[in-house]
$ cat start.txt   # compact mmCIF, C-alpha atoms
# COMPACT_ATOMS: atom_id res chain seq x y z
CA MET A 204 -45.85 -8.89 3.38
CA GLN A 205 -45.86 -12.35 4.93
CA GLN A 206 -44.53 -13.79 1.71
CA ILE A 207 -41.68 -11.31 1.56
CA PHE A 208 -40.60 -12.27 5.07
CA ASN A 209 -40.94 -15.94 4.20
CA PHE A 210 -38.76 -15.43 1.15
CA ILE A 211 -36.12 -13.60 3.18
CA PHE A 212 -36.07 -16.28 5.88
CA LYS A 213 -35.91 -19.10 3.36
CA ASN A 214 -33.07 -17.59 1.38
CA SER A 215 -31.22 -15.92 4.22
CA THR A 216 -27.93 -17.67 3.45
CA ARG A 217 -28.05 -16.80 -0.21
CA LEU A 218 -28.98 -13.18 0.51
CA LEU A 219 -26.17 -12.88 3.05
CA PHE A 220 -23.77 -14.33 0.48
CA LEU A 221 -24.87 -11.84 -2.16
CA LEU A 222 -24.59 -8.91 0.25
CA LEU A 223 -21.08 -9.87 1.36
CA LEU A 224 -20.07 -10.59 -2.24
CA CYS A 225 -21.18 -7.09 -3.25
CA ILE A 226 -19.14 -5.55 -0.43
CA SER A 227 -16.02 -7.53 -1.26
CA PHE A 228 -16.36 -6.87 -4.98
CA LEU A 229 -16.69 -3.16 -4.31
CA LEU A 230 -13.56 -3.26 -2.18
CA THR A 231 -11.71 -5.19 -4.89
CA ILE A 232 -12.70 -2.80 -7.65
CA GLN A 233 -11.87 0.17 -5.48
CA SER A 234 -8.44 -1.26 -4.75
CA HIS A 235 -7.70 -1.52 -8.45
CA SER A 236 -8.75 2.03 -9.25
CA PHE A 237 -6.15 4.75 -9.06
CA HIS A 238 -7.51 6.42 -5.94
CA ARG A 239 -7.32 3.52 -3.56
CA SER A 240 -9.65 2.85 -0.66
CA LYS A 241 -8.47 4.28 2.60
CA ILE A 242 -10.01 1.57 4.78
CA ILE A 243 -8.30 -1.61 3.63
CA SER A 244 -4.62 -0.76 3.90
CA SER A 245 -1.91 -2.00 6.19
CA ALA A 246 -1.28 1.54 7.49
CA ASN A 247 -3.49 1.08 10.55
CA PHE A 248 -2.61 0.47 14.15
CA LEU A 249 -3.52 -3.23 14.07
CA SER A 250 -1.56 -4.53 11.10
CA GLY A 251 1.09 -1.82 11.40
CA GLY A 252 1.63 -2.77 15.02
CA VAL A 253 1.85 -6.48 14.23
CA TYR A 254 4.32 -5.86 11.41
CA GLN A 255 6.37 -3.63 13.71
CA GLN A 256 6.59 -6.45 16.27
CA ILE A 257 7.54 -9.04 13.62
CA ASN A 258 10.13 -6.67 12.21
CA ASP A 259 11.65 -6.00 15.63
CA VAL A 260 12.46 -9.70 15.85
CA SER A 261 13.57 -10.35 12.28
CA GLU A 262 15.75 -7.23 12.29
CA TYR A 263 18.41 -9.08 14.30
CA LEU A 264 18.88 -11.57 11.50
CA ASN A 265 19.81 -8.81 9.07
CA LEU A 266 22.12 -6.76 11.27
CA ARG A 267 25.28 -7.89 9.50
CA THR A 268 24.12 -7.12 5.94
CA GLU A 269 22.57 -3.87 7.11
CA ASN A 270 25.89 -2.85 8.69
CA GLU A 271 27.80 -3.70 5.55
CA ALA A 272 25.42 -1.64 3.44
CA LEU A 273 25.79 1.31 5.81
CA ALA A 274 29.58 1.04 5.78
CA LEU A 275 29.58 0.99 1.98
CA GLU A 276 27.35 4.02 1.80
CA ASN A 277 29.54 5.84 4.33
CA ALA A 278 32.61 5.06 2.27
CA ARG A 279 30.94 6.41 -0.84
CA LEU A 280 29.86 9.60 0.92
CA LYS A 281 33.36 10.04 2.39
CA SER A 282 34.89 9.67 -1.06
CA ILE A 283 32.57 12.35 -2.40
CA LEU A 284 33.47 14.60 0.54
CA PHE A 285 37.24 14.14 0.12
CA ASN A 286 37.16 14.53 -3.63
CA THR A 287 35.40 17.88 -3.58
CA LYS A 288 38.10 20.24 -4.69
CA ASP A 289 36.21 23.45 -5.07
CA THR A 290 32.92 24.92 -4.00
CA SER A 291 31.43 24.69 -7.48
CA PHE A 292 30.89 20.98 -6.86
CA LEU A 293 28.72 21.52 -3.80
CA LYS A 294 24.96 21.55 -3.95
CA ARG A 295 23.74 25.01 -4.75
CA MET A 296 21.85 26.58 -1.85
CA ASP A 297 18.55 28.35 -2.17
CA SER A 298 19.66 31.96 -2.37
CA ILE A 299 16.77 33.38 -0.37
CA LYS A 300 16.20 30.83 2.36
CA GLY A 301 19.66 29.32 2.47
CA ILE A 302 18.49 25.73 2.78
CA PRO A 303 18.22 22.92 0.26
CA ALA A 304 14.83 22.48 -1.34
CA ASP A 305 14.46 18.89 -0.25
CA ASP A 306 14.25 17.48 3.24
CA ILE A 307 14.90 13.84 3.98
CA LEU A 308 13.24 11.58 6.53
CA VAL A 309 14.69 8.23 7.56
CA SER A 310 12.23 5.37 7.85
CA LYS A 311 12.19 1.59 7.83
CA VAL A 312 10.33 -0.96 5.72
CA ILE A 313 8.39 -3.19 8.12
CA HIS A 314 6.51 -5.15 5.48
CA ASN A 315 7.54 -5.81 1.91
CA SER A 316 5.53 -7.55 -0.79
CA TYR A 317 6.80 -8.47 -4.25
CA ASN A 318 4.84 -11.55 -5.29
CA VAL A 319 1.63 -10.08 -6.71
CA HIS A 320 0.94 -7.65 -9.55
CA GLU A 321 0.18 -4.73 -7.25
CA ASN A 322 2.80 -4.56 -4.55
CA PHE A 323 2.83 -2.29 -1.53
CA LEU A 324 5.32 -1.67 1.26
CA THR A 325 4.57 -0.59 4.82
CA LEU A 326 6.86 1.93 6.55
CA ASN A 327 7.08 2.63 10.25
CA SER A 328 6.67 6.40 10.04
CA GLY A 329 3.41 8.18 9.38
CA SER A 330 1.67 11.51 9.43
CA ASN A 331 3.04 12.22 12.93
CA ASP A 332 6.49 12.40 11.34
CA GLY A 333 5.24 14.57 8.51
CA VAL A 334 4.79 11.88 5.87
CA LYS A 335 2.13 12.82 3.33
CA GLN A 336 0.61 11.22 0.27
CA ASP A 337 2.71 11.32 -2.95
CA MET A 338 6.09 11.71 -1.32
CA GLY A 339 8.95 9.85 -2.97
CA VAL A 340 10.72 6.96 -1.21
CA ILE A 341 14.32 6.03 -2.08
CA ASN A 342 17.28 4.27 -0.52
CA ASP A 343 21.00 4.59 -1.14
CA LEU A 344 20.83 2.43 -4.30
CA GLY A 345 17.83 3.91 -6.05
CA ILE A 346 14.12 4.63 -6.05
CA ILE A 347 11.60 2.42 -4.26
CA GLY A 348 8.15 3.95 -4.64
CA ILE A 349 5.65 6.66 -3.78
CA VAL A 350 3.74 7.09 -0.49
CA ASP A 351 0.11 6.06 -0.85
CA ASN A 352 -1.82 6.09 2.45
CA THR A 353 -0.72 7.34 5.84
CA SER A 354 -1.92 6.78 9.39
CA PRO A 355 -0.48 8.58 12.46
CA LYS A 356 2.30 6.01 12.86
CA PHE A 357 2.54 4.06 9.59
CA ALA A 358 2.48 4.63 5.85
CA THR A 359 1.96 2.43 2.79
CA VAL A 360 4.05 2.87 -0.33
CA VAL A 361 3.20 1.96 -3.94
CA SER A 362 6.29 0.00 -4.90
CA ILE A 363 7.85 0.46 -8.36
CA LEU A 364 6.98 -3.23 -8.71
CA ASN A 365 3.31 -2.33 -9.13
CA VAL A 366 1.63 -2.49 -12.52
CA LYS A 367 -0.26 0.71 -11.67
CA SER A 368 2.79 2.80 -10.83
CA GLN A 369 4.16 5.17 -13.44
CA ILE A 370 7.22 7.30 -12.80
CA ASN A 371 8.98 9.79 -15.02
CA ALA A 372 12.51 8.66 -15.84
CA LYS A 373 15.23 9.56 -18.32
CA ILE A 374 18.43 8.25 -19.83
CA LYS A 375 21.26 9.82 -17.87
CA LYS A 376 23.53 10.81 -20.74
CA SER A 377 21.00 12.04 -23.27
CA ASN A 378 18.04 13.47 -21.30
CA HIS A 379 15.48 11.57 -23.40
CA PHE A 380 12.69 10.65 -21.05
CA GLY A 381 9.95 8.02 -20.79
CA SER A 382 7.63 6.42 -18.24
CA LEU A 383 8.82 3.75 -15.88
CA VAL A 384 6.30 0.89 -15.54
CA TRP A 385 6.37 -2.75 -14.49
CA ASN A 386 5.00 -5.63 -16.54
CA GLY A 387 4.46 -7.84 -13.50
CA LYS A 388 6.96 -10.52 -14.48
CA SER A 389 10.32 -10.31 -12.74
CA THR A 390 11.19 -8.53 -9.49
CA GLY A 391 14.62 -7.51 -10.79
CA PHE A 392 13.47 -5.70 -13.93
CA VAL A 393 11.18 -2.79 -14.79
CA GLN A 394 10.34 -1.26 -18.17
CA LEU A 395 10.87 2.22 -19.54
CA ILE A 396 8.26 2.86 -22.23
CA ASP A 397 7.64 5.66 -24.73
CA VAL A 398 11.28 6.52 -25.31
CA PRO A 399 11.48 8.34 -28.67
CA ARG A 400 13.28 6.60 -31.55
CA LEU A 401 15.65 9.56 -31.84
CA ALA A 402 17.27 8.67 -28.54
CA SER A 403 20.56 6.82 -28.79
CA VAL A 404 20.21 3.96 -26.34
CA ARG A 405 22.76 1.29 -25.67
CA LYS A 406 22.80 -1.71 -23.38
CA GLY A 407 24.28 -0.76 -20.02
CA ASP A 408 23.26 2.91 -20.06
CA THR A 409 22.13 4.27 -16.70
CA ILE A 410 18.50 5.32 -16.16
CA VAL A 411 17.75 8.04 -13.59
CA THR A 412 14.62 9.90 -12.48
CA GLY A 413 13.63 12.80 -14.69
CA GLY A 414 13.01 16.34 -13.56
CA GLN A 415 9.42 16.40 -14.78
CA SER A 416 7.74 15.18 -11.62
CA VAL A 417 7.79 16.94 -8.29
CA ILE A 418 7.81 13.65 -6.40
CA PHE A 419 11.44 12.73 -6.97
CA PRO A 420 14.38 15.08 -7.34
CA GLU A 421 16.26 14.78 -10.61
CA ASN A 422 19.06 12.25 -11.15
CA ILE A 423 18.24 9.56 -8.62
CA ASN A 424 19.53 6.19 -9.82
CA ILE A 425 17.08 3.56 -11.04
CA GLY A 426 18.99 0.93 -13.02
CA THR A 427 20.80 0.05 -16.24
CA ILE A 428 19.40 -0.89 -19.65
CA ASN A 429 19.32 -4.64 -20.11
CA LYS A 430 17.33 -5.15 -23.33
CA ILE A 431 15.99 -2.88 -26.05
CA TYR A 432 12.80 -3.52 -28.04
CA ILE A 433 10.90 -1.42 -30.56
CA ASP A 434 7.18 -1.35 -29.91
CA ASN A 435 5.49 -2.32 -33.19
CA LYS A 436 2.33 -0.38 -32.47
CA THR A 437 3.76 2.95 -31.44
CA ASN A 438 7.29 2.87 -32.84
CA TYR A 439 8.71 3.94 -29.53
CA TYR A 440 11.48 2.13 -27.71
CA THR A 441 10.64 -0.11 -24.78
CA LEU A 442 13.64 -0.72 -22.55
CA ASP A 443 14.10 -3.50 -20.03
CA ILE A 444 15.84 -2.03 -17.02
CA LYS A 445 17.79 -3.99 -14.46
CA LEU A 446 17.22 -2.33 -11.10
CA PHE A 447 20.13 -1.37 -8.86
CA ASN A 448 17.93 -2.17 -5.88
CA ASP A 449 17.08 -5.68 -4.79
CA MET A 450 13.38 -5.02 -4.18
CA THR A 451 13.01 -8.28 -2.26
CA ASN A 452 15.41 -7.14 0.45
CA LEU A 453 14.76 -3.63 1.74
CA GLY A 454 15.75 -2.17 5.10
CA HIS A 455 16.13 1.51 5.85
CA VAL A 456 14.72 3.96 3.33
CA TYR A 457 14.59 7.74 2.91
CA ILE A 458 11.37 9.68 2.35
CA ILE A 459 11.82 12.86 0.32
CA LYS A 460 9.85 15.88 1.47
CA SER A 461 9.89 18.29 -1.39
CA LYS A 462 9.40 21.82 -0.12
CA ASN A 463 8.57 23.23 -3.50
CA ARG A 464 5.83 20.77 -4.22
CA GLU A 465 2.87 22.69 -2.89
CA GLU A 466 3.97 25.86 -4.63
CA LEU A 467 4.37 24.05 -7.94
CA ASN A 468 1.05 22.21 -7.56
CA ASN A 469 -0.75 25.45 -6.82
CA LEU A 470 0.84 27.10 -9.83
CA GLU A 471 -0.15 24.26 -12.13
CA LYS A 472 -3.67 24.21 -10.74
CA ARG A 473 -3.99 27.92 -11.45
CA ASN A 474 -2.92 27.31 -15.04
CA THR A 475 -5.53 24.63 -15.62
CA ASN A 476 -8.27 26.71 -14.02
CA GLU A 477 -7.81 29.58 -16.39
CA MET B 95 -21.82 -27.07 20.64
CA ASN B 96 -19.94 -24.65 22.80
CA SER B 97 -16.68 -26.50 22.45
CA THR B 98 -16.95 -26.55 18.62
CA LEU B 99 -17.55 -22.79 18.65
CA LEU B 100 -14.54 -22.25 20.89
CA SER B 101 -12.33 -24.52 18.82
CA ASN B 102 -13.42 -22.68 15.67
CA ILE B 103 -12.55 -19.29 17.15
CA PHE B 104 -9.23 -20.69 18.32
CA ARG B 105 -8.52 -22.13 14.85
CA PHE B 106 -9.47 -18.80 13.21
CA ILE B 107 -6.98 -16.82 15.28
CA LEU B 108 -4.22 -19.45 15.19
CA LEU B 109 -4.36 -19.97 11.41
CA LEU B 110 -4.35 -16.19 10.78
CA ALA B 111 -1.36 -15.74 13.10
CA VAL B 112 0.57 -18.61 11.50
CA GLN B 113 -0.24 -17.28 8.03
CA ILE B 114 0.84 -13.72 8.78
CA VAL B 115 3.92 -14.45 10.86
CA ILE B 116 5.34 -17.47 9.00
CA PHE B 117 3.77 -18.21 5.62
CA ASN B 118 3.57 -14.60 4.38
CA ASN B 119 7.35 -14.46 4.57
CA MET B 120 7.74 -17.77 2.74
CA THR B 121 7.98 -17.06 -0.96
CA PHE B 122 9.37 -19.51 -3.47
CA LEU B 123 10.73 -18.21 -6.78
CA GLY B 124 9.55 -14.74 -5.86
CA PHE B 125 5.84 -15.23 -6.49
CA ILE B 126 4.63 -18.51 -4.98
CA MET B 127 3.14 -18.05 -1.53
CA PRO B 128 1.40 -20.86 0.38
CA LEU B 129 -1.92 -19.74 1.89
CA PRO B 130 -2.87 -22.39 4.46
CA TYR B 131 -5.22 -19.97 6.28
CA ILE B 132 -8.10 -21.27 4.13
CA LEU B 133 -7.85 -24.45 6.20
CA PHE B 134 -10.33 -22.67 8.49
CA ILE B 135 -13.00 -22.85 5.78
CA ILE B 136 -12.04 -26.43 4.87
CA LEU B 137 -12.14 -27.71 8.46
CA TYR B 138 -15.36 -25.91 9.47
CA PRO B 139 -17.89 -28.48 10.75
CA VAL B 140 -19.91 -30.05 7.93
CA ASN B 141 -23.29 -29.42 9.52
CA GLY B 142 -22.33 -26.10 11.08
CA ASN B 143 -24.23 -22.84 10.62
CA ARG B 144 -23.86 -21.72 6.99
CA SER B 145 -24.43 -18.01 7.62
CA GLY B 146 -21.85 -18.19 10.38
CA LEU B 147 -19.35 -19.73 7.95
CA LEU B 148 -20.06 -17.02 5.37
CA LEU B 149 -19.54 -14.23 7.91
CA ALA B 150 -16.45 -15.85 9.38
CA SER B 151 -14.79 -16.46 6.01
CA PHE B 152 -15.58 -12.93 4.90
CA SER B 153 -13.88 -11.47 7.96
CA LEU B 154 -11.01 -13.95 7.59
CA GLY B 155 -10.40 -12.72 4.06
CA LEU B 156 -10.81 -9.09 5.05
CA ILE B 157 -8.15 -9.40 7.76
CA MET B 158 -5.79 -10.99 5.23
CA ASP B 159 -6.53 -8.08 2.86
CA ILE B 160 -5.66 -5.56 5.53
CA PHE B 161 -2.34 -7.25 6.15
CA LEU B 162 -1.48 -7.80 2.49
CA ASN B 163 -2.82 -4.48 1.11
CA SER B 164 -4.89 -6.31 -1.46
CA GLY B 165 -8.25 -4.52 -1.29
CA GLY B 166 -11.00 -7.14 -1.18
CA THR B 167 -9.48 -9.99 -3.18
CA HIS B 168 -8.93 -12.44 -0.31
CA ALA B 169 -12.39 -11.65 1.11
CA THR B 170 -14.08 -12.38 -2.22
CA ALA B 171 -12.16 -15.61 -2.80
CA CYS B 172 -12.87 -16.89 0.73
CA LEU B 173 -16.55 -15.99 0.45
CA ILE B 174 -16.94 -17.84 -2.84
CA LEU B 175 -15.17 -20.90 -1.43
CA ALA B 176 -17.41 -20.84 1.66
CA TYR B 177 -20.54 -20.57 -0.47
CA ILE B 178 -19.77 -23.44 -2.84
CA ARG B 179 -18.35 -25.69 -0.10
CA PRO B 180 -21.49 -27.90 0.09
CA SER B 181 -21.24 -28.63 -3.65
CA ILE B 182 -17.60 -29.66 -3.26
CA PHE B 183 -18.66 -31.93 -0.36
CA LYS B 184 -21.31 -33.45 -2.57
CA PHE B 185 -18.77 -34.00 -5.33
CA SER B 186 -16.10 -35.70 -3.24
CA PHE B 187 -18.11 -37.53 -0.54
CA GLY B 188 -21.25 -38.42 -2.45
CA ILE B 189 -24.79 -36.99 -2.28
CA SER B 190 -25.61 -38.18 1.23
CA TYR B 191 -22.61 -36.46 2.78
CA GLU B 192 -24.75 -34.75 5.42
CA TYR B 193 -25.69 -38.04 7.06
CA GLN B 194 -22.15 -39.37 7.22
CA THR B 195 -19.80 -38.34 9.94
CA ILE B 196 -17.08 -36.66 7.96
CA LYS B 197 -13.94 -35.79 9.85
CA LEU B 198 -11.49 -33.96 7.68
CA ASN B 199 -8.63 -33.70 10.12
CA ASP B 200 -7.81 -37.38 10.08
CA VAL B 201 -5.82 -39.81 7.94
CA LEU B 202 -5.69 -38.74 4.30
CA THR B 203 -8.07 -40.69 2.07
CA PRO B 204 -8.75 -40.05 -1.65
CA GLU B 205 -12.09 -38.38 -0.74
CA ARG B 206 -10.51 -36.00 1.74
CA PHE B 207 -7.65 -35.25 -0.62
CA SER B 208 -9.98 -34.48 -3.54
CA PHE B 209 -11.99 -32.17 -1.30
CA ILE B 210 -8.90 -30.23 -0.21
CA LEU B 211 -7.54 -30.14 -3.77
CA LEU B 212 -10.77 -28.75 -5.25
CA SER B 213 -11.24 -26.17 -2.51
CA VAL B 214 -7.67 -24.89 -2.76
CA VAL B 215 -7.67 -24.72 -6.56
CA ILE B 216 -11.00 -22.86 -6.68
CA HIS B 217 -9.91 -20.41 -3.98
CA HIS B 218 -6.54 -19.72 -5.57
CA PHE B 219 -7.89 -19.31 -9.07
CA THR B 220 -10.49 -16.74 -7.91
CA LEU B 221 -7.89 -15.01 -5.80
CA PHE B 222 -5.26 -14.60 -8.51
CA LEU B 223 -7.86 -13.68 -11.12
CA LEU B 224 -9.10 -10.84 -8.91
CA GLU B 225 -5.59 -9.85 -7.91
CA ALA B 226 -4.44 -9.34 -11.50
CA PHE B 227 -7.85 -8.02 -12.62
CA GLN B 228 -6.75 -8.10 -16.25
CA ILE B 229 -7.53 -10.89 -18.69
CA SER B 230 -4.24 -10.25 -20.51
CA PHE B 231 -2.38 -11.83 -17.59
CA PHE B 232 -4.42 -15.05 -17.96
CA LEU B 233 -1.54 -17.49 -18.51
CA ASP B 234 0.40 -15.86 -15.72
CA ILE B 235 -2.63 -16.17 -13.41
CA LEU B 236 -3.00 -19.86 -14.24
CA ILE B 237 0.66 -20.64 -13.53
CA ARG B 238 0.65 -18.68 -10.29
CA ALA B 239 -2.62 -20.23 -9.08
CA LEU B 240 -1.53 -23.79 -9.81
CA LEU B 241 1.97 -23.49 -8.37
CA SER B 242 0.70 -21.72 -5.24
CA ALA B 243 -2.04 -24.34 -4.91
CA VAL B 244 0.57 -27.12 -4.82
CA PHE B 245 2.41 -25.43 -1.96
CA THR B 246 -0.83 -24.59 -0.13
CA ILE B 247 -1.99 -28.22 -0.31
CA ILE B 248 1.35 -29.47 1.00
CA SER B 249 1.30 -27.01 3.91
CA CYS B 250 -2.40 -27.78 4.61
CA ILE B 251 -1.70 -31.53 4.84
CA ILE B 252 1.29 -30.93 7.09
CA ILE B 253 -0.84 -28.73 9.39
CA ILE B 254 -3.67 -31.31 9.45
CA TYR B 255 -1.22 -34.04 10.48
CA LEU B 256 0.28 -31.77 13.12
CA ILE B 257 -3.01 -30.83 14.81
CA LYS B 258 -4.61 -34.26 14.35
CA PRO B 259 -5.79 -35.64 17.71
CA ASN B 260 -3.86 -38.91 17.94
CA LYS B 261 -6.10 -41.44 19.63
CA ARG B 262 -4.60 -44.59 18.19

$ encode --input "start.txt" --output "structure tokens"
Amino acid sequence: MQQIFNFIFKNSTRLLFLLLLCISFLLTIQSHSFHRSKIISSANFLSGGVYQQINDVSEYLNLRTENEALALENARLKSILFNTKDTSFLKRMDSIKGIPADDILVSKVIHNSYNVHENFLTLNSGSNDGVKQDMGVINDLGIIGIVDNTSPKFATVVSILNVKSQINAKIKKSNHFGSLVWNGKSTGFVQLIDVPRLASVRKGDTIVTGGQSVIFPENINIGTINKIYIDNKTNYYTLDIKLFNDMTNLGHVYIIKSKNREELNNLEKRNTNE
Amino acid sequence: MNSTLLSNIFRFILLLAVQIVIFNNMTFLGFIMPLPYILFIILYPVNGNRSGLLLASFSLGLIMDIFLNSGGTHATACLILAYIRPSIFKFSFGISYEYQTIKLNDVLTPERFSFILLSVVIHHFTLFLLEAFQISFFLDILIRALLSAVFTIISCIIIIYLIKPNKR
């Protein structure tokens, strides 16, 4: 017994190092697995609060560009409104409830990262505003990411510039779909993989979100095709896509609350159970 | 003793604040970010309590992880740097470093520079390796670690010269 205590006292530094190393390794591995740890995220009152304060100051520097973006978006919306000639162009209402299936929440990016392989954003609205895990986040130019963790006031978002993110997307004109991933190289480009060889793709074609996931509504802009490769191993197309969004400069964003999601999830769960 | 403890706590908070408010928003070419917060581990007193350094660098890294959403990568890298710090001392100042009075925050000499260089490179390499967590990104990791290390060293030296007590 005495010897055990002696050993512990003699090697206390090394033992402490090993203990802390185990903890930090566990946290690292957990952060790389798909279901991320809930403890180490910037959606807590401390870091969220600090980012909110920093953002309150830096916001003033971006007021002009933010205003210009808003004016542009207003002009675009006005043009859609004025050009609607008949009611067939309007969004079809839900015939029973009389409201659109999607609800939109306005939020703001208070911290943006784009320089590592797994990038996350922090938003200044959380579960108090009704934000839940797996909601889609977009802005007026295109998609941004998917909500990951939430706290009462803040939420973290898996950016599309994250090598772990995978989003269903399709070619706008032909409906051939693939998965949107990021190879971790450039912040302006993402990749669309597993596009079948049958699809007719051309440089400059628009890529939009597909209707296969419940996270994003169909036909939200993503980007245009910049380069086309054929994957030698699988014989599928891999497309380099130039994003419409500048992911290094994000301000206000919209969070999409899909009302049908729970119903669809329940239905699919019932199918797999049987 | 008490004043070194206080100055260490002060340095801990100040470096974290500077890192989060200023250097986290400083990115060159989209992926190079200087990380001068590890100056806390570099400037920790040579003969200070080793367990204290381990605990402090672990929490330093963990706070950075919380702010950067990076799991435990910063904590691991800081911990490893804190643990092998005596060996780096031995390498750059000679075997009897414990009996010399080493002051790191002073005029830059080759010994001090080699110590800072080694510490920063080791920390950054561990950090980016854990951040990517895939061996297929190896070349990418190497480029990122080395380029970021250059910027970290420059910002570290600037900070050392700024906070240096000027007696002469």

$ closest_atom_pairs --input "start.txt" --of "chain A" --to "chain B" --cutoff "9 Å" --atoms "all atoms listed in the file" --output "Markdown table"
| residue | atom | partner | partner_atom | distance |
| --- | --- | --- | --- | --- |
| A:Ser215 | CA | B:Ser145 | CA | 7.9 |
| A:Thr216 | CA | B:Ser145 | CA | 5.5 |
| A:Arg217 | CA | B:Tyr177 | CA | 8.4 |
| A:Leu219 | CA | B:Ser145 | CA | 7.1 |
| A:Phe220 | CA | B:Leu148 | CA | 6.7 |
| A:Leu223 | CA | B:Phe152 | CA | 7.2 |
| A:Leu224 | CA | B:Thr170 | CA | 6.3 |
| A:Cys225 | CA | B:Thr170 | CA | 8.9 |
| A:Ile226 | CA | B:Gly166 | CA | 8.3 |
| A:Ser227 | CA | B:Gly166 | CA | 5.0 |
| A:Phe228 | CA | B:Thr170 | CA | 6.6 |
| A:Leu229 | CA | B:Gly166 | CA | 7.6 |
| A:Leu230 | CA | B:Gly166 | CA | 4.8 |
| A:Thr231 | CA | B:Gly166 | CA | 4.3 |
| A:Ile232 | CA | B:Gly165 | CA | 8.0 |
| A:Gln233 | CA | B:Gly165 | CA | 7.3 |
| A:Ser234 | CA | B:Gly165 | CA | 4.8 |
| A:His235 | CA | B:Phe227 | CA | 7.7 |
| A:Arg239 | CA | B:Gly165 | CA | 8.4 |
| A:Ser240 | CA | B:Gly165 | CA | 7.5 |
| A:Ile242 | CA | B:Ile160 | CA | 8.4 |
| A:Ile243 | CA | B:Ile160 | CA | 5.1 |
| A:Ser244 | CA | B:Asn163 | CA | 5.0 |
| A:Ser245 | CA | B:Ile160 | CA | 5.2 |
| A:Ala246 | CA | B:Ile160 | CA | 8.6 |
| A:Asn247 | CA | B:Ile160 | CA | 8.6 |
| A:Leu249 | CA | B:Phe161 | CA | 9.0 |
| A:Ser250 | CA | B:Phe161 | CA | 5.7 |
| A:Gly251 | CA | B:Phe161 | CA | 8.3 |
| A:Val253 | CA | B:Val115 | CA | 8.9 |
| A:Tyr254 | CA | B:Phe161 | CA | 8.6 |
| A:Ile257 | CA | B:Val115 | CA | 7.1 |
| A:His314 | CA | B:Leu162 | CA | 8.9 |
| A:Ser316 | CA | B:Leu162 | CA | 7.7 |
| A:Tyr317 | CA | B:Gly124 | CA | 7.0 |
| A:Asn318 | CA | B:Phe125 | CA | 4.0 |
| A:Val319 | CA | B:Phe125 | CA | 6.7 |
| A:His320 | CA | B:Ala226 | CA | 6.0 |
| A:Glu321 | CA | B:Glu225 | CA | 7.7 |
| A:Asn322 | CA | B:Asn163 | CA | 8.0 |
| A:Phe323 | CA | B:Asn163 | CA | 6.6 |
| A:Leu324 | CA | B:Asn163 | CA | 8.6 |
| A:Thr359 | CA | B:Asn163 | CA | 8.6 |
| A:Gly387 | CA | B:Phe231 | CA | 8.9 |
| A:Lys388 | CA | B:Asp234 | CA | 8.5 |
| A:Ser389 | CA | B:Gly124 | CA | 8.2 |
| A:Thr390 | CA | B:Gly124 | CA | 7.4 |
| A:Thr451 | CA | B:Gly124 | CA | 8.2 |

$ atom_distance --input "start.txt" --atom1 "CA of Ser328 in chain A" --atom2 "CA of Trp385 in chain A"
26.2 Å

$ residues_around --input "start.txt" --residues "Val361 in chain A" --least-positions-apart "5" --cutoff "10 Å" --atoms "only C-alpha atoms" --output "list in words"
Glu321, Asn322, Phe323, Leu324, Thr325, Asp337, Gly339, Val340, Ile347, Gly348, Ile349, Val350, Asp351, Asn352, Val366, Lys367 and Ser368 of chain A

$ atom_distance --input "start.txt" --atom1 "CA of Leu222 in chain A" --atom2 "CA of Pro128 in chain B"
28.6 Å

$ atom_distance --input "start.txt" --atom1 "CA of Ile136 in chain B" --atom2 "CA of Ile253 in chain B"
12.3 Å

$ residues_near_point --input "start.txt" --point "(8.6, -0.4, -21.5)" --cutoff "9 Å" --atoms "all atoms listed in the file" --output "PyMOL selection string"
chain A and resi 381-386+393-398+432+434+440-444

$ closest_residue --input "start.txt" --among "A:Glu471, A:Asp408, A:Asp259, A:Asp343" --to "Ile423 in chain A" --atoms "all atoms listed in the file"
A:Asp343

$ residues_near_point --input "start.txt" --point "(-20.0, -29.0, -1.9)" --cutoff "12 Å" --atoms "only C-alpha atoms" --output "MDAnalysis selection string"
chainID B and resid 136 140:141 174:192 208:210 212:213 216

$ residues_around --input "start.txt" --residues "range 263-270 of chain A" --least-positions-apart "2" --cutoff "12 Å" --atoms "all atoms listed in the file" --output "PyMOL selection string"
chain A and resi 257-261+272-277+311+343+452-456

$ residues_around --input "start.txt" --residues "Tyr131 in chain B" --least-positions-apart "4" --cutoff "10 Å" --atoms "all atoms listed in the file" --output "PyMOL selection string"
chain B and resi 105-114+117+135-136+154-155+158+172+246+249-250

$ closest_residue --input "start.txt" --among "A:Tyr457, A:Met450, A:Arg405, A:Gly426" --to "Leu326 in chain A" --atoms "all atoms listed in the file"
A:Tyr457
